[in-house]
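*Asks:* Got a structure for you, questions after.
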Amino acid sequence: MNNNTDKRLEVTIKDMVLRNPVMTASGTFGYGYDFEDFMSLDSLGGIVVKATTGSNREGNPYPRMAETSSGMLNAVGLQNKGIDYFCRSLYKKIKDINTNMVVNVSGSSIEEYVEVAQRINELENIPAIELNISCPNVKQGGMAFGTDPKMASEVVKAVRKAYDKTLIVKLSPNVTSIVEIAKAVEASGADSLSMINTLFGMAVDAEKRQPLLSTITGGLSGPAVKPVALRCVWQVAKQTKLPIIGIGGIMNATDAIEFILVGATAIEIGTANFINPSISQEIVYGLSEYLDRHNIKNISEIRGII
Amino acid sequence: MNNNTDKRLEVTIKDMVLRNPVMTASGTFGYGYDFEDFMSLDSLGGIVVKATTGSNREGNPYPRMAETSSGMLNAVGLQNKGIDYFCRSLYKKIKDINTNMVVNVSGSSIEEYVEVAQRINELENIPAIELNISCPNVKQGGMAFGTDPKMASEVVKAVRKAYDKTLIVKLSPNVTSIVEIAKAVEASGADSLSMINTLFGMAVDAEKRQPLLSTITGGLSGPAVKPVALRCVWQVAKQTKLPIIGIGGIMNATDAIEFILVGATAIEIGTANFINPSISQEIVYGLSEYLDRHNIKNISEIRGII
Amino acid sequence: MKYCKDFIVVENETITPTLFILKLQYLETLPEIKAGQFVEIMVKGEANVFLRRPISIHDVDKDRNQISLLIQIVGKGTEELSKLKKGESLNLIFPLGNGFTIIGKKVLLVGGGCGAAPLLYLARVLKQNQIKSDILIGCRDIKQLFSKKEYESLSNLHIATEDGSCGIKGLVTSHPILDEDFDSIYCCGPTPMMKAISKLAKERNIPCYVSLEHKMACGFGVCLCCVVDTNQGNKRTCTTGPIFLSSELKDF
Amino acid sequence: MKYCKDFIVVENETITPTLFILKLQYLETLPEIKAGQFVEIMVKGEANVFLRRPISIHDVDKDRNQISLLIQIVGKGTEELSKLKKGESLNLIFPLGNGFTIIGKKVLLVGGGCGAAPLLYLARVLKQNQIKSDILIGCRDIKQLFSKKEYESLSNLHIATEDGSCGIKGLVTSHPILDEDFDSIYCCGPTPMMKAISKLAKERNIPCYVSLEHKMACGFGVCLCCVVDTNQGNKRTCTTGPIFLSSELKDF
Ligand SMILES: Cc1cc2nc3c(=O)[nH]c(=O)nc-3n(C[C@H](O)[C@H](O)[C@H](O)COP(=O)(O)OP(=O)(O)OC[C@H]3O[C@@H](n4cnc5c(N)ncnc54)[C@H](O)[C@@H]3O)c2cc1C
Ligand SMILES: Cc1cc2nc3c(=O)[nH]c(=O)nc-3n(C[C@H](O)[C@H](O)[C@H](O)COP(=O)(O)OP(=O)(O)OC[C@H]3O[C@@H](n4cnc5c(N)ncnc54)[C@H](O)[C@@H]3O)c2cc1C
Ligand SMILES: Cc1cc2nc3c(=O)[nH]c(=O)nc-3n(C[C@H](O)[C@H](O)[C@H](O)COP(=O)(O)O)c2cc1C
Ligand SMILES: Cc1cc2nc3c(=O)[nH]c(=O)nc-3n(C[C@H](O)[C@H](O)[C@H](O)COP(=O)(O)O)c2cc1C
Ligand code: FES
Ligand code: FES
C-alpha cells in the first residue's frame, strides 16, 4: 500500500490536515529540502523547520554537541538568519514542498515572538507555527517563557492576537508541573501542544576535565528522554483537550505508536533523522503495518487509550 | 595499592568521614549484606539502605519495573517493614558493617519523617540519614515535599530539630528550579544534599497497548539520566555551600569523576549495582587509578573545578 | 553463596527456530545448585540490552562443571543470546532463587513449552534421591519437544500435544496421569497452565509448587521489583521464589 | 546527490595497533567523489554507539567501485570499526562535505599522522589532472607511516619523523620543502600543525586549505552542531567545509 494514500493515518490538528501523524522536529530536519536525497518529503504529515527569530542569530560557539548514553546534548542556540531572510529567501525554497510546512518561532521577548508570528501569518503556504517557549539553549527568553505559567500565558495570548492559523505551542519538560503550563497555554488560545523539547543537561570530559559544550549545559534528546516524554504527553492528554504532538526519542514506528496510545494526535521525529535520514518515511510505513497487524480501521481508534 | 587505605580518597560530609567518595544508593543495595558475596563492603565510603518509613508499607503492585534505553523505570513505592522492624531487627544485621551505614528516611507527613528520624537518631552506628523528599512512586508525600520549596523547608526544619547527626537531603530533578529547592533546604538546616532521585517517566507496551508499570508512571534511573544529574549537581554546587553527593547513571569510575569535577564531594551508585554487583568496589579502584594517572594528590583538588 | 563469574559456551543447540539450549562450562568447581534455581545473564552485543536476563537452570553436569540453559527467543536479549558461539564467554550471577522443596515419595512434574526448563534438572535430582517421578510435558507439536531421551531416562514421560503429533491430543490438563495420586506436584509453564494445575491440586489437597517468571531488575533480592502478592504480603520472587507453593499466592 | 547505502568490507588492514585501513566495496556505481569529502558511518556492535562517525575518504578506486578509509582508534566507535571483518556490511551516508578546490599547477600537500587521510585521494586526483604535487608527511616514527608506495607513485614524497627514523628528523614545519614556492597548500592533520602551516602560508601569501575535524551530529547540514567561526560568521563544517581556506577562519 502506498502510505501517501493510507487514509487510515490521516489526522487533523485544528485546521491543518496531515496525511499521517508523522512530522519532523525543528532543528533536526533543516528546511526539509536537505532530506530530498534520502526520501520523498510528500510522504510526511508535516515538517517543522528550524527555529526562526526576529533577526539574525549566530547561536553559541563550537562545540555544540556531545554524545551521551542513548542520546545527545546540543547547544546550538537558535542559530538562524532571522525572519526577513526567511520570508525573502527560504520561504521560496520550501513553499512548494507538498506537506505541511510548519515554522518553529522563537524569541527573547514577547514583541519578537509576535513580530515573527505576524510575518509568517502572511505566508500562504505555512499552515501553522510552533511557538518554541522551551529552548534551554539561549540565555534570554526561550525556556524562561515555558517554565512560568504566567509568562507562557502572556506570550501565547499576544501571539494568538497576531496569528490566525494553527498555533502549536511547544512545551518544556524542565518544569515541576507540565500540566500547569499546558493548561495556561490552552486557556490563552493555543490550538495544539507539542512536547517535549530537550531536557536540560550537561556532559563532561573527565580526561580533559572540562565541559563538552561551550555553553556548559545543553539540551538532551534521543531515546534516553522517551520515558519522560511519554509521561508528559500522558499527563497533559488526560488534563487538557488540545491535540498533542508527541516528541522525544522516537526511533521507530513502535515508539510512535506508544505516543499515540498515551494521547498524541501526531508525532515529531528529531534526533533519529541524524542517524537514519529516511527514518521518518519508514515510520509512516511502520504505522500502516501496525494498523494492518492489529486490524485497526483508523489511527484515532488507539489514540489516548492508555 | 589497597584502596581501603588510599588516603587521597578520604572525604568528609559534615561529621561523617568517608574512606572514599563511593557510596551506594538507596533502593539499589538492599541493606548492604546482600552484596557480601560479591565484594568487601568495607571498601566503600558508605552504604545508603532502602527507604524506611513510619510503619510497614507493601509498596505498589507488580509489575514495578520496565527497561528503557540505557535505563530502567521502577515503581517500587517505598516497600519496607517500617521503623520498628528496622530498629528491632535490621539494625542488628547492619550495625557492624565497617562503613558508614546511612538510612534513607521517607514518609507521607512531616510527623512521619520526624518520627523515623528521631528513632534513628538513637542508633549509635548510623552516622547519617538521607531524607528522601523526592520519591516519584508514592501518591502522598514523597516527591511532593521535594518539589515545593516551602514544603521542603518545613520538613527539613522539623527533622533538623529531631536529629543531631549528619542530615543529608535527597533532591528531585523533577522541578523547574532545583537551585531554589536546594537553597530552601540549605537554609533549613541540612548538612548535605544528595541528588538526583529518579526522573518522572513512563513506559508503554505497544503490542499489548498497556502501560508497563502497574502505577503507569515511575522513576527513571541509569545512564540515560546522567546528563540531567550532572547538570543538577553543577547548578547546585555553584549556588550553595553544602557538600553534595552526586547520583544518577554512574556506571564506572569515569562517570564518578565527572560528578566530582562538577562539584560532588561523594557519589552514590544505583542501578549499576544490578548489572555488576561488585561495581562499587571496582569504582573505588578506578578512582585511585585516575588520581595516579593524573598525578593528583587528593581528590579534593579536582572537586568542582568545572 | 552467590557468584558473579564467566562461563564459556561449549554448545549452542538449536531446537526450533525460537528455542535453543546453551551448554556452559564453568572454569572452577560448581557450587551446590538446587533444581528450580536460576542465573542472571549479562547480555553483550549490538542489541544494547541494559539489564541482565533471568534464565532457569535447565540441567547441571556436576562431573564436567557444566550447566545448560533452555531459552526461548521472545525479544532482543534472548535473540542476542541465540547468536552465541562455542568458545564465547558469558557472565552469570548464580545460583539464584530458592529452588524446589522436595516433598513425598511419588511426585508429578508438569511442564508447558519452554517453561518446562527447570524440570529436567529436577527430574535428575529426584532420581538421585530415589524418588519416583512422572513427568507430563505439554507443547504445541512434536517439533517443540526437547530433551525427550533425558526425561525418559529419569522419569516416566507423558506427553500432550495440541495437534496430537505426540502423546495425547489436547492440553496437559486433560491428561489421564493427572487422575493418579501424588504426594506433590511441580509445575512450570505459562501462567494459565500453572493456574489450572494448581486448582486441580488444591481440589485434591496435593501441595503444588509453581515457578514464577516475574520481571526482575537485580535477581538477588535488592531492588524489590519482582514481588508477588502472597498470603504474607508482597514477597520477592527472586529470593523467596521463583518457586512458590501455589496455595501461598493470592492470584492462584 | 547524497546516498545512504551499505558497503561491504573487502579488507581491514592493520597499519599500527591503533591505525587501520578499511577497503569497502560499493554494490552500485560510485557517484562522483571529490578529494576531501567524507562519509558518515553507522557503527553497530556492542560499543552501543549512538551517532554516526565522520571519516574522510582516504582513496577511491572508481574501476572497482571501492573506497578506502584510514582510521585511528581514539574511542569506542573507532575501536568497534577496527573489529570489522571481510564480508561484513557497513552503512554510510556519502559523499559529504565540499572537498578540496584545486588552485594552480604546483601544489604542496602536508599531512600529519592519521589526519593525512584525505591526501592520498587528493594526490591521485592531482596526478590525473597533470598537476605537479609535492607531499610532505609528518609522523612520530617510521612505523606510523602508511601508503608510502602509493604516495610515491603519485607525488614527490617528503617525510619528517619525530625520531628521525625516516626522512628528516623533526616536525613537518622544519622541512626544507616548505621553502620552495607553491601555488597552493593543502594541509590535514592535528590543529597545531595546520595552524603552523597556515601561518607560514599566510606570510608568503600562498592560499592554504585545511580540513577541520569538528564534532558532528548529522554530517549533512541539518543540525548546526559542527560550526566554525569564519569571517562570515558561523559556518557548518560539514557542508561549507570540512575544507576551508585558512584565511577565512577566525581561529587560524
Ligand atoms: C526466574 C526466571 C526464570 C526464567 N527462566 C527462563 C528459561 O529458563 N528460559 C526462558 O526462555 N525464559 C526464562 N525466563 C523468562 C526470560 O527471563 C525472558 O523471556 C527474558 O528476560 C526476555 O528477554 P528479552 O530481552 O528477549 O525480551 P524483551 O525484549 O525484554 O521483551 C520481549 C517480551 O518478553 C516479555 N518479557 C521480558 N522479560 C520478561 C520476564 N522476565 N518474564 C516474562 N516476560 C518477559 C516482555 O514484556 C516482552 O513482551 C525466566 C524468567 C524468570 C524471572
Ligand atoms: C570531516 C571529518 C573527517 C574525519 N576523518 C577522519 C579520518 O579519516 N580518520 C580518522 O581516524 N578520524 C577522522 N575523523 C575523526 C573521527 O570522526 C573521530 O575520531 C571519531 O568520530 C571518534 O569516534 P570514537 O567513537 O572512536 O570516539 P569517542 O569515544 O566518541 O571519543 C573519543 C575521543 O575522541 C574525541 N572525538 C570524538 N569525535 C571527534 C571528532 N569528530 N573530532 C575530533 N575528536 C573527536 C572525543 O572528544 C574523545 O576525546 C574525522 C572527523 C571529521 C569531522
Ligand atoms: C540539534 C538540535 C537542534 C534543535 N533545535 C530546535 C529548535 O530550533 N527549536 C525547537 O523547538 N526544538 C529544537 N530541538 C528540539 C527537537 O525539536 C526535539 O524537541 C527534541 O530533540 C526531542 O526529540 P528527539 O528526542 O526525537 O530528538 C533541537 C534538537 C536538536 C537535537
Ligand atoms: C529499584 C529502585 C529503587 C529505589 N528506591 C529508592 C528509595 O527507596 N529511596 C530513594 O531515595 N531512592 C530510591 N531509588 C533511587 C536511587 O537511589 C537513585 O537516586 C536513582 O536510581 C538514580 O541513580 P542511578 O541512575 O545510579 O540508579 C531507587 C532506585 C531504583 C532503581
Ligand atoms: S529482582 Fe530485584 S528484588 Fe527480585
Ligand atoms: S554536523 Fe549537522 S550541520 Fe554539520
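By order in the C-alpha cells, chains are A, B, ...; within a chain, residues start at 1; ligands start at 1, following the order shown.
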Produce as a VMD selection string the set of residues near ligand 3, where near means within 8 Å with only C-alpha atoms and all ligand atoms considered.

*Replies:* (chain A and resid 24 to 28 49 to 52 65 71 to 79 104 to 106 130 to 135 170 195 to 198 219 to 226 247 to 251 268 to 272) or (chain D and resid 217 222 to 225)

*Asks:* Using only C-alpha atoms and all ligand atoms, find each residue in chain D having at least one atom no more than 9 Å away from ligand 2; report its shortest atom-to-atom pair and that distance in Å (one decimal), rows by chain then rising number, as JSON lines.

*Replies:*
{"residue": "D:Leu19", "atom": "CA", "partner": "ligand 2", "partner_atom_place_in_ligand_line": "11 (O)", "distance": 7.6}
{"residue": "D:Phe20", "atom": "CA", "partner": "ligand 2", "partner_atom_place_in_ligand_line": "11 (O)", "distance": 8.5}
{"residue": "D:Gly36", "atom": "CA", "partner": "ligand 2", "partner_atom_place_in_ligand_line": "1 (C)", "distance": 8.4}
{"residue": "D:Gln37", "atom": "CA", "partner": "ligand 2", "partner_atom_place_in_ligand_line": "1 (C)", "distance": 7.5}
{"residue": "D:Phe38", "atom": "CA", "partner": "ligand 2", "partner_atom_place_in_ligand_line": "1 (C)", "distance": 5.7}
{"residue": "D:Val39", "atom": "CA", "partner": "ligand 2", "partner_atom_place_in_ligand_line": "3 (C)", "distance": 7.7}
{"residue": "D:Glu40", "atom": "CA", "partner": "ligand 2", "partner_atom_place_in_ligand_line": "17 (O)", "distance": 8.4}
{"residue": "D:Val43", "atom": "CA", "partner": "ligand 2", "partner_atom_place_in_ligand_line": "25 (O)", "distance": 8.6}
{"residue": "D:Ala47", "atom": "CA", "partner": "ligand 2", "partner_atom_place_in_ligand_line": "25 (O)", "distance": 8.6}
{"residue": "D:Val49", "atom": "CA", "partner": "ligand 2", "partner_atom_place_in_ligand_line": "25 (O)", "distance": 6.8}
{"residue": "D:Leu51", "atom": "CA", "partner": "ligand 2", "partner_atom_place_in_ligand_line": "25 (O)", "distance": 8.8}
{"residue": "D:Arg52", "atom": "CA", "partner": "ligand 2", "partner_atom_place_in_ligand_line": "21 (O)", "distance": 7.7}
{"residue": "D:Arg53", "atom": "CA", "partner": "ligand 2", "partner_atom_place_in_ligand_line": "21 (O)", "distance": 4.4}
{"residue": "D:Pro54", "atom": "CA", "partner": "ligand 2", "partner_atom_place_in_ligand_line": "17 (O)", "distance": 4.2}
{"residue": "D:Ile55", "atom": "CA", "partner": "ligand 2", "partner_atom_place_in_ligand_line": "5 (N)", "distance": 3.5}
{"residue": "D:Ser56", "atom": "CA", "partner": "ligand 2", "partner_atom_place_in_ligand_line": "8 (O)", "distance": 3.8}
{"residue": "D:Ile57", "atom": "CA", "partner": "ligand 2", "partner_atom_place_in_ligand_line": "8 (O)", "distance": 6.3}
{"residue": "D:His58", "atom": "CA", "partner": "ligand 2", "partner_atom_place_in_ligand_line": "8 (O)", "distance": 6.5}
{"residue": "D:Leu69", "atom": "CA", "partner": "ligand 2", "partner_atom_place_in_ligand_line": "8 (O)", "distance": 6.1}
{"residue": "D:Leu70", "atom": "CA", "partner": "ligand 2", "partner_atom_place_in_ligand_line": "9 (N)", "distance": 5.2}
{"residue": "D:Ile71", "atom": "CA", "partner": "ligand 2", "partner_atom_place_in_ligand_line": "11 (O)", "distance": 3.4}
{"residue": "D:Gln72", "atom": "CA", "partner": "ligand 2", "partner_atom_place_in_ligand_line": "11 (O)", "distance": 3.7}
{"residue": "D:Ile73", "atom": "CA", "partner": "ligand 2", "partner_atom_place_in_ligand_line": "26 (O)", "distance": 5.8}
{"residue": "D:Val74", "atom": "CA", "partner": "ligand 2", "partner_atom_place_in_ligand_line": "26 (O)", "distance": 4.7}
{"residue": "D:Gly75", "atom": "CA", "partner": "ligand 2", "partner_atom_place_in_ligand_line": "26 (O)", "distance": 3.2}
{"residue": "D:Lys76", "atom": "CA", "partner": "ligand 2", "partner_atom_place_in_ligand_line": "25 (O)", "distance": 4.3}
{"residue": "D:Gly77", "atom": "CA", "partner": "ligand 2", "partner_atom_place_in_ligand_line": "25 (O)", "distance": 3.1}
{"residue": "D:Thr78", "atom": "CA", "partner": "ligand 2", "partner_atom_place_in_ligand_line": "26 (O)", "distance": 3.6}
{"residue": "D:Glu79", "atom": "CA", "partner": "ligand 2", "partner_atom_place_in_ligand_line": "26 (O)", "distance": 5.9}
{"residue": "D:Glu80", "atom": "CA", "partner": "ligand 2", "partner_atom_place_in_ligand_line": "26 (O)", "distance": 7.8}
{"residue": "D:Leu81", "atom": "CA", "partner": "ligand 2", "partner_atom_place_in_ligand_line": "26 (O)", "distance": 8.4}
{"residue": "D:Leu96", "atom": "CA", "partner": "ligand 2", "partner_atom_place_in_ligand_line": "1 (C)", "distance": 8.3}
{"residue": "D:Gly97", "atom": "CA", "partner": "ligand 2", "partner_atom_place_in_ligand_line": "1 (C)", "distance": 7.4}
{"residue": "D:Cys114", "atom": "CA", "partner": "ligand 2", "partner_atom_place_in_ligand_line": "9 (N)", "distance": 6.1}
{"residue": "D:Gly115", "atom": "CA", "partner": "ligand 2", "partner_atom_place_in_ligand_line": "7 (C)", "distance": 6.4}
{"residue": "D:Ala116", "atom": "CA", "partner": "ligand 2", "partner_atom_place_in_ligand_line": "8 (O)", "distance": 7.7}
{"residue": "D:Ala117", "atom": "CA", "partner": "ligand 2", "partner_atom_place_in_ligand_line": "8 (O)", "distance": 4.9}
{"residue": "D:Pro118", "atom": "CA", "partner": "ligand 2", "partner_atom_place_in_ligand_line": "8 (O)", "distance": 6.6}
{"residue": "D:Ser211", "atom": "CA", "partner": "ligand 2", "partner_atom_place_in_ligand_line": "1 (C)", "distance": 7.3}
{"residue": "D:Leu212", "atom": "CA", "partner": "ligand 2", "partner_atom_place_in_ligand_line": "1 (C)", "distance": 6.3}
{"residue": "D:Glu213", "atom": "CA", "partner": "ligand 2", "partner_atom_place_in_ligand_line": "53 (C)", "distance": 3.6}
{"residue": "D:His214", "atom": "CA", "partner": "ligand 2", "partner_atom_place_in_ligand_line": "53 (C)", "distance": 4.5}
{"residue": "D:Lys215", "atom": "CA", "partner": "ligand 2", "partner_atom_place_in_ligand_line": "41 (N)", "distance": 3.7}
{"residue": "D:Met216", "atom": "CA", "partner": "ligand 2", "partner_atom_place_in_ligand_line": "41 (N)", "distance": 6.0}
{"residue": "D:Ala217", "atom": "CA", "partner": "ligand 2", "partner_atom_place_in_ligand_line": "41 (N)", "distance": 9.0}
{"residue": "D:Gly219", "atom": "CA", "partner": "ligand 2", "partner_atom_place_in_ligand_line": "1 (C)", "distance": 7.9}
{"residue": "D:Cys226", "atom": "CA", "partner": "ligand 2", "partner_atom_place_in_ligand_line": "53 (C)", "distance": 8.1}
{"residue": "D:Thr237", "atom": "CA", "partner": "ligand 2", "partner_atom_place_in_ligand_line": "1 (C)", "distance": 7.6}
{"residue": "D:Cys238", "atom": "CA", "partner": "ligand 2", "partner_atom_place_in_ligand_line": "1 (C)", "distance": 6.5}
{"residue": "D:Gly241", "atom": "CA", "partner": "ligand 2", "partner_atom_place_in_ligand_line": "1 (C)", "distance": 8.0}
{"residue": "D:Pro242", "atom": "CA", "partner": "ligand 2", "partner_atom_place_in_ligand_line": "1 (C)", "distance": 5.4}
{"residue": "D:Ile243", "atom": "CA", "partner": "ligand 2", "partner_atom_place_in_ligand_line": "1 (C)", "distance": 8.6}

*Asks:* How would the residues just chosen look if you wrote them out with N, CA and C atoms as a compact mmCIF listing (two decimals), in the first residue's frame?

*Replies:*
# COMPACT_ATOMS: atom_id res chain seq x y z
N LEU D 19 45.87 2.01 14.18
CA LEU D 19 45.59 2.61 12.88
C LEU D 19 45.27 1.50 11.89
N PHE D 20 44.19 1.67 11.14
CA PHE D 20 43.84 0.62 10.17
C PHE D 20 43.16 1.23 8.95
N GLY D 36 38.81 15.06 -0.32
CA GLY D 36 38.49 15.90 0.83
C GLY D 36 37.08 15.68 1.35
N GLN D 37 36.29 14.94 0.59
CA GLN D 37 34.94 14.64 1.09
C GLN D 37 35.01 13.51 2.12
N PHE D 38 33.91 13.32 2.83
CA PHE D 38 33.91 12.31 3.89
C PHE D 38 32.62 11.50 3.89
N VAL D 39 32.56 10.50 4.74
CA VAL D 39 31.37 9.66 4.89
C VAL D 39 30.94 9.70 6.36
N GLU D 40 29.69 9.35 6.60
CA GLU D 40 29.20 9.21 7.98
C GLU D 40 28.85 7.74 8.18
N VAL D 43 27.81 2.89 13.23
CA VAL D 43 28.63 1.91 13.94
C VAL D 43 27.72 0.95 14.70
N ALA D 47 29.57 -1.76 21.30
CA ALA D 47 30.01 -0.49 21.88
C ALA D 47 28.82 0.43 22.10
N VAL D 49 27.19 2.62 20.17
CA VAL D 49 27.48 3.98 19.71
C VAL D 49 26.18 4.58 19.18
N LEU D 51 25.48 8.00 17.72
CA LEU D 51 25.54 8.77 16.47
C LEU D 51 26.49 8.13 15.47
N ARG D 52 26.34 8.50 14.20
CA ARG D 52 27.30 8.06 13.19
C ARG D 52 28.66 8.72 13.45
N ARG D 53 29.69 8.21 12.79
CA ARG D 53 31.03 8.75 12.93
C ARG D 53 31.53 9.25 11.57
N PRO D 54 31.99 10.50 11.50
CA PRO D 54 32.51 11.04 10.24
C PRO D 54 33.95 10.60 9.99
N ILE D 55 34.21 10.11 8.79
CA ILE D 55 35.56 9.67 8.42
C ILE D 55 35.83 10.12 6.97
N SER D 56 37.01 10.69 6.75
CA SER D 56 37.38 11.16 5.42
C SER D 56 37.54 9.99 4.45
N ILE D 57 37.35 10.29 3.18
CA ILE D 57 37.61 9.29 2.16
C ILE D 57 39.11 9.31 1.86
N HIS D 58 39.75 8.19 2.14
CA HIS D 58 41.21 8.09 2.01
C HIS D 58 41.58 7.87 0.55
N LEU D 69 39.14 3.86 3.74
CA LEU D 69 39.12 4.78 4.86
C LEU D 69 40.32 4.47 5.74
N LEU D 70 40.98 5.50 6.19
CA LEU D 70 42.11 5.34 7.11
C LEU D 70 41.64 5.80 8.47
N ILE D 71 41.64 4.91 9.45
CA ILE D 71 41.01 5.25 10.72
C ILE D 71 41.94 5.02 11.90
N GLN D 72 41.92 5.99 12.78
CA GLN D 72 42.70 5.88 14.01
C GLN D 72 41.76 5.54 15.16
N ILE D 73 42.16 4.59 15.97
CA ILE D 73 41.32 4.24 17.13
C ILE D 73 41.54 5.27 18.22
N VAL D 74 40.48 6.02 18.53
CA VAL D 74 40.57 7.00 19.62
C VAL D 74 39.49 6.79 20.67
N GLY D 75 38.47 6.00 20.36
CA GLY D 75 37.36 5.81 21.31
C GLY D 75 36.56 4.59 20.92
N LYS D 76 35.35 4.50 21.47
CA LYS D 76 34.58 3.27 21.31
C LYS D 76 34.11 3.03 19.88
N GLY D 77 33.79 4.09 19.15
CA GLY D 77 33.30 3.91 17.79
C GLY D 77 34.39 3.40 16.86
N THR D 78 35.52 4.06 16.89
CA THR D 78 36.62 3.65 16.03
C THR D 78 37.16 2.28 16.45
N GLU D 79 37.12 2.01 17.74
CA GLU D 79 37.51 0.68 18.23
C GLU D 79 36.61 -0.40 17.64
N GLU D 80 35.32 -0.13 17.67
CA GLU D 80 34.35 -1.10 17.12
C GLU D 80 34.60 -1.30 15.62
N LEU D 81 34.85 -0.22 14.91
CA LEU D 81 35.10 -0.33 13.47
C LEU D 81 36.35 -1.16 13.18
N LEU D 96 30.00 13.39 1.51
CA LEU D 96 29.62 14.58 2.27
C LEU D 96 30.74 15.62 2.26
N GLY D 97 30.36 16.85 2.45
CA GLY D 97 31.34 17.94 2.53
C GLY D 97 31.71 18.50 1.17
N CYS D 114 47.34 10.52 11.29
CA CYS D 114 46.21 9.97 10.55
C CYS D 114 45.39 11.06 9.91
N GLY D 115 45.61 12.31 10.33
CA GLY D 115 44.94 13.44 9.69
C GLY D 115 45.22 13.50 8.21
N ALA D 116 46.30 12.86 7.78
CA ALA D 116 46.68 12.89 6.37
C ALA D 116 45.70 12.12 5.49
N ALA D 117 44.74 11.43 6.11
CA ALA D 117 43.84 10.52 5.37
C ALA D 117 43.38 11.04 4.00
N PRO D 118 42.83 12.26 3.90
CA PRO D 118 42.26 12.66 2.60
C PRO D 118 43.30 12.96 1.53
N SER D 211 41.65 21.03 6.61
CA SER D 211 40.48 20.17 6.79
C SER D 211 40.15 20.10 8.28
N LEU D 212 38.93 20.49 8.64
CA LEU D 212 38.55 20.55 10.06
C LEU D 212 37.79 19.30 10.50
N GLU D 213 38.21 18.75 11.62
CA GLU D 213 37.50 17.56 12.15
C GLU D 213 36.62 17.94 13.32
N HIS D 214 35.63 18.76 13.07
CA HIS D 214 34.73 19.16 14.14
C HIS D 214 33.75 18.04 14.49
N LYS D 215 33.26 18.08 15.71
CA LYS D 215 32.27 17.08 16.12
C LYS D 215 30.96 17.32 15.38
N MET D 216 30.40 16.25 14.88
CA MET D 216 29.20 16.35 14.06
C MET D 216 28.10 15.44 14.60
N ALA D 217 26.87 15.92 14.51
CA ALA D 217 25.74 15.04 14.85
C ALA D 217 25.16 14.44 13.58
N GLY D 219 26.22 15.53 9.90
CA GLY D 219 27.17 15.43 8.80
C GLY D 219 26.63 15.92 7.48
N CYS D 226 28.14 21.60 14.09
CA CYS D 226 29.54 21.48 13.70
C CYS D 226 30.17 22.80 13.28
N THR D 237 30.71 23.12 9.31
CA THR D 237 31.90 22.42 8.85
C THR D 237 31.53 21.29 7.87
N CYS D 238 30.37 20.71 8.06
CA CYS D 238 30.04 19.53 7.27
C CYS D 238 29.58 19.85 5.85
N GLY D 241 32.39 23.19 4.79
CA GLY D 241 33.70 22.52 4.90
C GLY D 241 33.53 21.07 4.53
N PRO D 242 34.35 20.16 5.00
CA PRO D 242 35.35 20.37 6.06
C PRO D 242 36.60 21.11 5.57
N ILE D 243 36.69 21.39 4.25
CA ILE D 243 37.89 22.06 3.74
C ILE D 243 37.64 23.56 3.72

*Asks:* Could you give me the residues within stretch 91-232 of chain A that DSSP places in alpha helix (DSSP H), as a short mmCIF file (atom, residue, chain, number, x, y, z; two decimals) with C-alpha atoms, in the first residue's frame?

*Replies:*
data_model
loop_
_atom_site.label_atom_id
_atom_site.label_comp_id
_atom_site.auth_asym_id
_atom_site.auth_seq_id
_atom_site.Cartn_x
_atom_site.Cartn_y
_atom_site.Cartn_z
CA TYR A 91 10.17 30.60 2.04
CA LYS A 92 10.56 30.36 -1.74
CA LYS A 93 12.61 27.22 -1.38
CA ILE A 94 10.11 25.45 0.84
CA ILE A 110 7.02 38.89 23.56
CA GLU A 111 7.44 41.55 20.88
CA GLU A 112 9.89 39.39 19.00
CA TYR A 113 7.60 36.33 19.10
CA VAL A 114 4.69 38.47 17.91
CA GLU A 115 6.68 40.07 15.11
CA VAL A 116 7.82 36.73 13.73
CA ALA A 117 4.35 35.21 14.02
CA GLN A 118 2.79 38.17 12.26
CA ARG A 119 5.19 37.94 9.36
CA ILE A 120 4.60 34.23 8.98
CA ASN A 121 0.85 34.76 9.15
CA MET A 143 12.89 28.23 28.18
CA ALA A 144 12.05 31.06 30.61
CA PHE A 145 8.71 31.58 28.83
CA GLY A 146 7.96 27.91 29.00
CA PRO A 149 2.65 29.66 33.55
CA LYS A 150 2.14 33.42 33.63
CA MET A 151 4.82 34.20 31.11
CA ALA A 152 3.69 31.32 28.93
CA SER A 153 0.17 32.63 29.01
CA GLU A 154 1.23 36.15 28.11
CA VAL A 155 3.30 35.20 25.12
CA VAL A 156 0.65 32.84 23.79
CA LYS A 157 -2.10 35.46 24.17
CA ALA A 158 -0.03 38.05 22.38
CA VAL A 159 0.84 35.73 19.52
CA ARG A 160 -2.74 34.49 19.29
CA LYS A 161 -3.89 38.05 18.56
CA ALA A 162 -1.36 38.38 15.77
CA ILE A 178 3.89 20.47 32.79
CA VAL A 179 0.12 20.20 33.24
CA GLU A 180 0.02 23.62 34.85
CA ILE A 181 1.85 25.18 31.90
CA ALA A 182 -0.28 23.26 29.41
CA LYS A 183 -3.49 24.49 31.00
CA ALA A 184 -2.26 28.07 30.99
CA VAL A 185 -1.34 27.79 27.31
CA GLU A 186 -4.67 26.15 26.48
CA ALA A 187 -6.59 28.91 28.20
CA LYS A 226 11.48 8.92 25.73
CA PRO A 227 10.19 7.80 29.16
CA VAL A 228 9.97 11.44 30.27
CA ALA A 229 8.30 12.48 27.01
CA LEU A 230 5.70 9.72 27.21
CA ARG A 231 4.90 10.69 30.79
CA CYS A 232 4.47 14.37 29.79
#

*Asks:* Find the residue from B:Asn60, B:Asn298, B:Ser188, B:Ser69 that sits nearest to chain A; use only C-alpha atoms when measuring.

*Replies:*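 Counting only C-alpha atoms, the residue closest to chain A is B:Ser69.
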
*Asks:* Any chance you could tabulate, as a tab-separated table, the residues of chain C at most 9 Å from chain D with each one's nearest atom pair and distance in Å to one decimal, using only C-alpha atoms, in chain and rising number order?

*Replies:*
residue	atom	partner	partner_atom	distance
C:Lys44	CA	D:Glu46	CA	6.2
C:Gly45	CA	D:Glu46	CA	4.1
C:Glu46	CA	D:Gly45	CA	4.1
C:Ala47	CA	D:Glu46	CA	7.4
C:Asn48	CA	D:Asn48	CA	6.1

*Asks:* Which of these residues is nearest to chain D, using only C-alpha atoms: A:Pro277, A:Pro127, A:Gly189, A:Gly54?

*Replies:*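 Residue with the minimum atom-to-atom distance to chain D: A:Pro277.
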
*Asks:* Using only C-alpha atoms, determine which residues lie at most 7 Å from B:Ile305, disregarding the query and same-chain residues fewer than 3 positions distant; provide the list as a list in words.

*Replies:*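 These residues fall inside the cut-off: Leu261, Val262 and Ile302 of chain B.
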